[in-house]
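Worksheet: the structure to be examined is printed underneath.
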Amino acid sequence: MSAPDGSPVGAERSVGQLFASATAEMSALVHDEIALAKAQLRQDVKRGAVGGGAFAAAGTVLIFSLPMLSFALAYGIRTWSDWNLAICFLLSFAANVVVALVLTLIGVVFSKKAKKGQGPQKVAASMKQTAGVLQNAKPHPRRTAPTDGAVEAVARSTS
């Protein structure tokens, strides 16, 4: 079994190896945080696009379907009842407005979800928290030299 840098587990590593390992892990952490921010931003943009598409669909329905649907619905109502033709046209217009309002509400719901998206803010807070932890990290205290004159063995790097 070996450590992430390839050295055997349990073997003492030099300060250089420890620093290289810490630097590689910090780099990986920053890259992962950036990837997370991109993914969350992509999700927020997707929600905004769905909301914009719903607004566009509402406008398209209102503009292009009004003449055709109004005539068809008005004459259909006139066929089923003996109401005045003007009242039948008003009812068909009201039905088209209801469809456009429903599509508009769908657009508003998706737009609010996109505005509420806290993806990049969450990642920024996480990065600040990581930086705060690293700033408060203290190095391991060094052992003092023995006072009885004995020489302590020092681990040396073989690389």
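Ordered as shown in the structure tokens, chains take letters A, B, and onward, while each chain numbers its residues from 1 and ligands are numbered from 1 in the order shown.
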
Contacts of range 91-98 of chain A at 6 Å or less, counting only C-alpha atoms, minus same-chain residues fewer than 5 places along, as a ChimeraX atom specification? /A:70,73-74

Using the selection just defined, write its residues with C-alpha atoms as a compact mmCIF listing (two decimals), in the first residue's frame.
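Done, and the output landed in result.txt:
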# COMPACT_ATOMS: atom_id res chain seq x y z
CA SER A 70 -60.61 32.96 -31.90
CA LEU A 73 -63.79 28.88 -30.93
CA ALA A 74 -66.26 31.70 -31.56

Closest to Leu69 in chain A among A:Lys38, A:Ala49, A:Cys88, A:Gln17, using only C-alpha atoms?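 Smallest distance to Leu69 in chain A is found for A:Cys88.
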
Spatial neighbours of Thr130 in chain A, max dist 12 Å, only C-alpha atoms, sep filter under 6 positions, as a ChimeraX atom specification: /A:26,29-30,33,123-124,136-137

Write out, as a JSON list (two decimals), in the first residue's frame, the residues just selected, with all heavy atoms.
[["chain", "number", "residue", "atom", "x", "y", "z"],
["A", 26, "MET", "N", -3.89, 20.86, -2.57],
["A", 26, "MET", "CA", -4.53, 22.18, -2.63],
["A", 26, "MET", "C", -4.93, 22.50, -4.07],
["A", 26, "MET", "O", -6.01, 23.03, -4.32],
["A", 26, "MET", "CB", -3.58, 23.26, -2.12],
["A", 26, "MET", "CG", -3.49, 23.34, -0.62],
["A", 26, "MET", "SD", -5.08, 23.70, 0.13],
["A", 26, "MET", "CE", -5.47, 25.24, -0.63],
["A", 29, "LEU", "N", -7.98, 20.57, -4.85],
["A", 29, "LEU", "CA", -9.13, 21.15, -4.16],
["A", 29, "LEU", "C", -9.64, 22.38, -4.91],
["A", 29, "LEU", "O", -10.85, 22.54, -5.12],
["A", 29, "LEU", "CB", -8.75, 21.52, -2.73],
["A", 29, "LEU", "CG", -9.83, 22.21, -1.90],
["A", 29, "LEU", "CD1", -11.00, 21.27, -1.68],
["A", 29, "LEU", "CD2", -9.26, 22.67, -0.58],
["A", 30, "VAL", "N", -8.73, 23.25, -5.33],
["A", 30, "VAL", "CA", -9.13, 24.46, -6.07],
["A", 30, "VAL", "C", -9.78, 24.08, -7.39],
["A", 30, "VAL", "O", -10.82, 24.63, -7.76],
["A", 30, "VAL", "CB", -7.92, 25.39, -6.28],
["A", 30, "VAL", "CG1", -8.23, 26.50, -7.27],
["A", 30, "VAL", "CG2", -7.46, 25.97, -4.94],
["A", 33, "GLU", "N", -13.27, 22.83, -6.70],
["A", 33, "GLU", "CA", -14.17, 23.93, -6.34],
["A", 33, "GLU", "C", -14.58, 24.71, -7.60],
["A", 33, "GLU", "O", -15.74, 25.09, -7.75],
["A", 33, "GLU", "CB", -13.49, 24.86, -5.34],
["A", 33, "GLU", "CG", -13.15, 24.20, -4.03],
["A", 33, "GLU", "CD", -14.08, 24.57, -2.90],
["A", 33, "GLU", "OE1", -14.96, 25.41, -3.11],
["A", 33, "GLU", "OE2", -13.92, 23.99, -1.82],
["A", 123, "VAL", "N", -20.20, 28.06, -3.44],
["A", 123, "VAL", "CA", -18.82, 27.68, -3.72],
["A", 123, "VAL", "C", -17.87, 28.74, -3.18],
["A", 123, "VAL", "O", -16.83, 28.42, -2.59],
["A", 123, "VAL", "CB", -18.61, 27.47, -5.23],
["A", 123, "VAL", "CG1", -17.14, 27.29, -5.56],
["A", 123, "VAL", "CG2", -19.39, 26.27, -5.70],
["A", 124, "ALA", "N", -18.21, 30.01, -3.34],
["A", 124, "ALA", "CA", -17.35, 31.08, -2.83],
["A", 124, "ALA", "C", -17.24, 31.00, -1.31],
["A", 124, "ALA", "O", -16.16, 31.16, -0.75],
["A", 124, "ALA", "CB", -17.90, 32.44, -3.26],
["A", 136, "ASN", "N", -5.37, 29.49, 9.47],
["A", 136, "ASN", "CA", -5.25, 29.23, 10.91],
["A", 136, "ASN", "C", -4.43, 27.98, 11.22],
["A", 136, "ASN", "O", -4.19, 27.69, 12.38],
["A", 136, "ASN", "CB", -6.65, 29.10, 11.53],
["A", 136, "ASN", "CG", -7.40, 30.41, 11.48],
["A", 136, "ASN", "OD1", -6.82, 31.48, 11.49],
["A", 136, "ASN", "ND2", -8.72, 30.33, 11.42],
["A", 137, "ALA", "N", -4.02, 27.26, 10.19],
["A", 137, "ALA", "CA", -3.24, 26.05, 10.42],
["A", 137, "ALA", "C", -1.85, 26.45, 10.92],
["A", 137, "ALA", "O", -1.23, 27.37, 10.42],
["A", 137, "ALA", "CB", -3.12, 25.26, 9.13]]

Using only C-alpha atoms, the shortest atom-to-atom distance to Thr60 in chain A among A:Met127, A:Ala39, A:Val99, A:Ala114 belongs to A:Val99

Write out as a list in words each polymer residue whose atoms come within 8 Å of Leu103 in chain A, counting only C-alpha atoms; drop sequence neighbours fewer than 5 positions from it.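 Residues meeting the cut-off are Ala54, Phe55, Ala57 and Ala58 of chain A.
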
Go ahead and write the selection's residues with N, CA, C and O atoms as a CSV table (one decimal), in the first residue's frame.
chain,number,residue,atom,x,y,z
A,54,ALA,N,-40.3,29.7,-21.8
A,54,ALA,CA,-41.7,29.7,-21.5
A,54,ALA,C,-42.3,31.1,-21.8
A,54,ALA,O,-43.5,31.2,-22.3
A,55,PHE,N,-41.6,32.2,-21.5
A,55,PHE,CA,-42.1,33.5,-21.9
A,55,PHE,C,-42.2,33.6,-23.4
A,55,PHE,O,-43.2,34.2,-23.9
A,57,ALA,N,-42.7,31.2,-25.5
A,57,ALA,CA,-43.8,30.4,-25.9
A,57,ALA,C,-45.2,31.1,-25.7
A,57,ALA,O,-46.1,31.0,-26.5
A,58,ALA,N,-45.2,31.7,-24.5
A,58,ALA,CA,-46.5,32.5,-24.2
A,58,ALA,C,-46.8,33.6,-25.2
A,58,ALA,O,-47.9,33.7,-25.7

CA of Ala28 in chain A to CA of Leu41 in chain A, distance in Å rounded to a single decimal: 19.9 Å

How many Å lie between CA of Leu101 in chain A and CA of Pro67 in chain A, rounded to one decimal?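 Spanning CA of Leu101 in chain A to CA of Pro67 in chain A is a straight-line distance of 17.4 Å.
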